[in-house]
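Listing of input06.txt, compact mmCIF, C-alpha atoms
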# COMPACT_ATOMS: atom_id res chain seq x y z
CA MET A 135 -7.74 18.54 11.99
CA ILE A 136 -9.43 16.95 9.00
CA LYS A 137 -11.55 13.80 8.85
CA ILE A 138 -12.39 12.16 5.51
CA GLU A 139 -14.95 9.35 5.46
CA ARG A 140 -17.72 7.63 3.52
CA CYS A 141 -15.93 7.95 0.18
CA ALA A 142 -17.44 6.55 -3.02
CA VAL A 143 -15.88 6.62 -6.50
CA MET A 144 -18.40 6.31 -9.33
CA ASN A 145 -18.79 6.13 -13.13
CA MET A 146 -15.39 4.74 -14.05
CA GLU A 147 -17.11 2.56 -16.66
CA GLY A 148 -18.77 5.54 -18.32
CA ALA A 149 -15.56 7.59 -18.16
CA ILE A 150 -13.55 4.85 -19.88
CA ARG A 151 -16.21 4.39 -22.56
CA GLY A 152 -16.13 8.13 -23.22
CA ALA A 153 -12.34 8.14 -23.37
CA ARG A 154 -12.52 5.63 -26.22
CA ASN A 155 -15.16 7.54 -28.20
CA PRO A 156 -12.78 9.83 -30.18
CA LEU A 157 -11.02 6.89 -31.90
CA ASN A 158 -13.98 4.47 -31.86
CA SER A 159 -11.73 2.05 -29.97
CA TRP A 160 -14.35 0.45 -27.75
CA ALA A 161 -13.36 -3.02 -28.96
CA LYS A 162 -9.97 -2.56 -27.31
CA SER A 163 -11.50 -2.01 -23.88
CA ASP A 164 -10.58 -4.78 -21.43
CA SER A 165 -12.46 -3.63 -18.34
CA TYR A 166 -15.35 -5.69 -16.99
CA THR A 167 -17.94 -5.93 -14.23
CA MET A 168 -17.78 -8.85 -11.78
CA GLU A 169 -20.83 -10.77 -10.63
CA ASP A 170 -20.94 -8.80 -7.38
CA GLY A 171 -21.12 -5.54 -9.35
CA THR A 172 -17.47 -4.54 -8.84
CA PHE A 173 -16.03 -2.78 -11.87
CA VAL A 174 -12.48 -3.87 -12.76
CA VAL A 175 -10.32 -1.62 -14.93
CA GLY A 176 -8.21 -3.63 -17.40
CA ASP A 177 -4.58 -2.95 -18.25
CA ALA A 178 -5.36 -1.50 -21.67
CA ASP A 179 -7.93 0.94 -20.27
CA ARG A 180 -5.62 1.83 -17.40
CA ASP A 181 -2.82 2.59 -19.88
CA LEU A 182 -5.10 4.64 -22.12
CA GLY A 183 -6.16 6.72 -19.13
CA ARG A 184 -2.54 7.21 -18.14
CA ARG A 185 -1.56 8.42 -21.60
CA LEU A 186 -4.50 10.83 -21.72
CA ALA A 187 -3.71 12.15 -18.24
CA LEU A 188 -0.11 12.81 -19.26
CA ALA A 189 -1.26 14.61 -22.42
CA GLY A 190 -2.81 17.46 -20.39
CA SER A 191 -6.22 18.84 -19.50
CA ASP A 192 -7.43 19.11 -23.12
CA HIS A 193 -7.01 15.35 -23.57
CA ARG A 194 -7.95 14.03 -20.14
CA LYS A 195 -11.59 15.13 -20.22
CA PHE A 196 -12.59 11.63 -19.14
CA LEU A 197 -11.29 12.45 -15.63
CA ARG A 198 -14.16 14.92 -15.24
CA GLN A 199 -16.54 11.98 -15.53
CA VAL A 200 -15.02 9.98 -12.66
CA ILE A 201 -17.13 11.21 -9.74
CA VAL A 202 -16.13 11.17 -6.07
CA SER A 203 -18.57 11.65 -3.18
CA VAL A 204 -17.09 12.05 0.30
CA ASP A 205 -17.84 13.46 3.75
CA ILE A 206 -15.17 15.88 5.00
CA THR A 207 -15.02 17.40 8.47
CA ALA A 208 -12.55 20.27 8.66
CA PRO A 209 -12.11 23.71 10.26
CA LEU A 210 -13.60 26.80 8.67
CA TYR A 211 -10.13 28.15 7.87
CA TRP A 212 -9.53 25.11 5.65
CA TRP A 213 -12.95 25.30 4.01
CA LYS A 214 -12.24 28.93 3.12
CA GLU A 215 -9.36 27.73 0.94
CA PHE A 216 -11.24 24.71 -0.43
CA ASP A 217 -14.00 27.07 -1.58
CA THR A 218 -11.66 28.52 -4.22
CA TYR A 219 -12.39 25.30 -6.17
CA LYS A 220 -15.86 26.13 -7.45
CA VAL A 221 -15.92 24.59 -10.94
CA GLY A 222 -17.02 20.96 -10.88
CA THR A 223 -17.47 20.74 -7.12
CA VAL A 224 -20.69 20.69 -5.07
CA ALA A 225 -20.92 20.69 -1.27
CA ASN A 226 -23.77 20.45 1.21
CA SER A 227 -22.70 21.49 4.70
CA THR A 228 -24.04 21.15 8.19
CA SER A 229 -25.69 24.47 9.00
CA THR A 230 -23.89 26.86 11.31
CA MET A 231 -26.64 29.44 10.89
CA HIS A 232 -29.51 27.14 11.86
CA LYS A 233 -27.93 24.59 14.21
CA ILE A 234 -25.16 26.43 16.09
CA HIS A 235 -27.34 26.55 19.22
CA SER A 236 -28.50 22.92 19.09
CA LYS A 237 -25.68 21.35 21.14
CA GLU A 238 -23.30 22.26 23.91
CA PHE A 239 -19.98 23.76 22.81
CA GLU A 240 -16.89 21.72 23.63
CA ARG A 241 -13.22 21.60 22.68
CA ASP A 242 -13.67 18.87 20.09
CA ASP A 243 -15.94 21.14 18.08
CA PHE A 244 -12.74 22.98 17.13
CA SER A 245 -9.43 22.03 15.53
CA HIS A 246 -6.95 22.42 18.38
CA ASP A 247 -4.38 19.68 17.73
CA LYS A 248 -1.52 22.13 17.14
CA MET A 249 -2.45 24.79 19.70
CA SER A 250 -0.02 25.87 22.41
CA ASP A 251 -1.11 25.86 26.05
CA GLY A 252 -1.76 29.59 25.82
CA ALA A 253 -3.92 29.21 22.74
CA LEU A 254 -5.87 26.37 24.36
CA ALA A 255 -6.55 28.53 27.41
CA CYS A 256 -7.83 31.28 25.11
CA LEU A 257 -10.00 28.78 23.22
CA ASP A 258 -11.48 27.51 26.47
CA LYS A 259 -12.47 31.06 27.43
CA ILE A 260 -14.14 31.54 24.04
CA ILE A 261 -15.96 28.22 24.42
CA GLU A 262 -17.14 29.31 27.86
CA PHE A 263 -18.53 32.54 26.37
CA LEU A 264 -20.11 30.72 23.41
CA GLU A 265 -21.81 28.24 25.70
CA ALA A 266 -23.17 31.00 27.94
CA SER A 267 -24.52 32.80 24.88
CA ARG A 268 -26.00 29.57 23.53
CA LYS A 269 -27.88 28.91 26.78
CA LYS A 270 -29.21 32.47 26.85
CA PHE A 271 -30.39 32.19 23.25
CA VAL A 272 -32.10 28.84 23.87
CA GLU A 273 -33.82 30.28 26.93
CA THR A 274 -34.83 33.71 25.60
CA LYS A 275 -34.66 33.39 21.78
CA GLU A 276 -33.17 36.89 21.75
CA LYS A 277 -31.20 37.37 18.55
CA LYS A 278 -28.42 39.36 20.23
CA TYR A 279 -27.12 36.14 21.81
CA TRP A 280 -27.19 34.35 18.46
CA ASP A 281 -25.30 37.28 16.92
CA ASP A 282 -22.65 36.92 19.64
CA MET A 283 -22.16 33.26 18.78
CA ILE A 284 -21.93 33.81 15.02
CA GLN A 285 -19.58 36.78 15.17
CA ILE A 286 -17.14 35.45 17.77
CA LEU A 287 -17.03 31.89 16.42
CA PRO A 288 -13.35 31.04 15.70
CA SER A 289 -12.24 29.87 12.25
CA SER A 290 -11.04 26.66 13.93
CA TYR A 291 -14.68 25.58 14.28
CA ASN A 292 -15.15 22.23 12.51
CA GLN A 293 -17.81 21.82 9.84
CA MET A 294 -18.85 18.65 8.01
CA ARG A 295 -19.71 18.81 4.31
CA THR A 296 -20.74 16.14 1.83
CA VAL A 297 -18.71 16.98 -1.27
CA SER A 298 -19.11 15.79 -4.87
CA MET A 299 -16.22 16.39 -7.27
CA ASN A 300 -14.26 14.60 -9.98
CA TYR A 301 -10.76 13.30 -10.67
CA GLU A 302 -9.84 16.42 -12.64
CA ASN A 303 -10.68 18.58 -9.61
CA LEU A 304 -8.58 16.31 -7.42
CA ALA A 305 -5.60 16.47 -9.77
CA ASN A 306 -5.70 20.28 -9.71
CA MET A 307 -6.00 20.35 -5.92
CA TYR A 308 -3.20 17.84 -5.44
CA TYR A 309 -0.60 19.76 -7.40
CA ALA A 310 -1.67 23.16 -6.06
CA ARG A 311 -1.85 22.20 -2.37
CA ARG A 312 0.48 19.26 -1.65
CA ASN A 313 3.22 21.56 -0.28
CA HIS A 314 0.88 23.94 1.55
CA LYS A 315 1.61 25.18 5.07
CA LEU A 316 -1.63 23.73 6.45
CA THR A 317 -1.32 20.17 7.72
CA GLU A 318 -4.91 19.56 6.62
CA TRP A 319 -3.89 19.91 2.96
CA HIS A 320 -1.11 17.35 3.42
CA GLU A 321 -3.61 14.88 4.88
CA TYR A 322 -6.09 15.65 2.10
CA CYS A 323 -3.46 15.04 -0.59
CA ALA A 324 -2.44 11.79 1.14
CA TRP A 325 -6.09 10.70 0.88
CA ILE A 326 -6.13 11.53 -2.85
CA GLU A 327 -3.15 9.18 -3.27
CA THR A 328 -5.27 6.28 -1.93
CA LEU A 329 -8.07 6.62 -4.49
CA PRO A 330 -8.51 3.97 -7.21
CA LEU A 331 -5.99 4.45 -10.06
CA ALA A 332 -4.68 7.65 -8.46
CA ASP A 333 -1.10 6.81 -9.47
CA ASP A 334 -2.12 6.34 -13.10
CA TRP A 335 -4.77 9.01 -13.58
CA ILE A 336 -4.53 11.73 -10.90
CA ILE A 337 -0.90 12.09 -9.80
CA VAL A 338 0.54 10.43 -12.88
CA LYS A 339 4.17 11.18 -13.76
CA ASP A 340 5.97 10.53 -17.02
CA GLU A 341 8.39 7.64 -16.47
What would you get if you wrote out this structure as structure tokens?
Amino acid sequence: MIKIERCAVMNMEGAIRGARNPLNSWAKSDSYTMEDGTFVVGDADRDLGRRLALAGSDHRKFLRQVIVSVDITAPLYWWKEFDTYKVGTVANSTSTMHKIHSKEFERDDFSHDKMSDGALACLDKIIEFLEASRKKFVETKEKKYWDDMIQILPSSYNQMRTVSMNYENLANMYYARRNHKLTEWHEYCAWIETLPLADDWIIVKDE
């Protein structure tokens, strides 16, 4: 299970201006800002970005200046793989350490959409134990019950993080993970495809 929401794409104007710096070609820029503040990328700027993206990472530095902020809720086993992308990404997560005891455990706290009946029965037993430990910790504040929760917590536990990254990060993720075994990566890559100018700048192909 993965949920992607509250996405914002920022600094396209600055990225395009920077892309035109090497050849001093600012006069050729045809992008503009509408009265309501919406930034519209013109055909010439779109094409420039496409050509730079096709030229490789040394030439597409402007992609690192297109910033994306998004809230992602996903299981810990997916976050473990996402965390391999350290350069250019920042994430603030909900705290397992500090808040694990603050609400009742339930099935929807975990990714279980592909579990068999046997696995679901096992998960329910773990949830039952976690909830008993949570109640004991809330009542007694004895750390041994908190330790039980932390150490038995399954990797299917869902965590929400607010992530900041850029279009270069997303291009690297897309091509590395689009054929991954985890369904979550397929859904994540499908989301990348919906971003502004993704076809021209992120997943661009030479025609």
Shell of 8 Å around range 221-237 of chain A, all atoms listed in the file, local chain residues under 4 positions omitted, as a PyMOL selection string: chain A and resi 198+268-269+271-272+280+283-284+293-300+303
With only C-alpha atoms as the counted atoms, please give the residues lying no more than 10 Å from Glu215 in chain A, apart from itself and same-chain residues fewer than 4 positions off, as JSON, numbers by chain. {"A": [210, 211, 219, 311, 319]}
Work out how far CA of Pro209 in chain A is from CA of Met135 in chain A, in Å to one decimal. 7.0 Å
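CA of Ile138 in chain A sits 25.9 Å away from CA of Lys195 in chain A.
Distance-wise, CA of Phe196 in chain A and CA of Ala149 in chain A end up 5.1 Å apart.
Using all atoms listed in the file for every distance, the candidate list A:Ile286, A:Ile261, A:Ile337, A:Met144 yields A:Ile337 as the residue closest to Met307 in chain A.
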Nearest to Trp335 in chain A: which of A:Asp243, A:Glu169, A:Asp179, A:Asp258 is it, counting only C-alpha atoms? A:Asp179
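In terms of minimum interatomic distance to Pro330 in chain A, A:Arg180 ranks closest within A:Thr207, A:Ile136, A:Arg180, A:Lys162, counting only C-alpha atoms.
The shortest atom-to-atom distance to Tyr301 in chain A, with all atoms listed in the file taken into account, belongs to A:Leu197 out of A:Leu264, A:Leu197, A:Leu257, A:Ala189.
Restricting the calculation to all atoms listed in the file, the smallest distance between Ala305 in chain A and any of A:Asp242, A:Glu139, A:Asp333, A:Glu147 is found for A:Asp333.
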Pick the closest to His246 in chain A from A:Met146, A:Ala208, A:Ala153, A:Ala178: which is it, counting all atoms listed in the file? A:Ala208
Box for range 276-291 of chain A - axis-aligned, 3 Å on each of the six sides, all listed atoms - centre and size in Å to one decimal, as lines of an AutoDock Vina configuration file.
center_x = -22.1
center_y = 32.5
center_z = 17.0
size_x = 28.1
size_y = 19.8
size_z = 15.6
Please provide as a list in words all residues within 7 Å of Phe244 in chain A, with the sequence filter that same-chain residues fewer than 6 positions apart are discarded (counting all atoms listed in the file). Pro209, Ser290, Tyr291 and Asn292 of chain A
List every protein, DNA or RNA residue with an atom no more than 8 Å from (-4.8, 18.8, 1.3) in the file's coordinates, counting only C-alpha atoms, and format the result as a count of residues only. 14
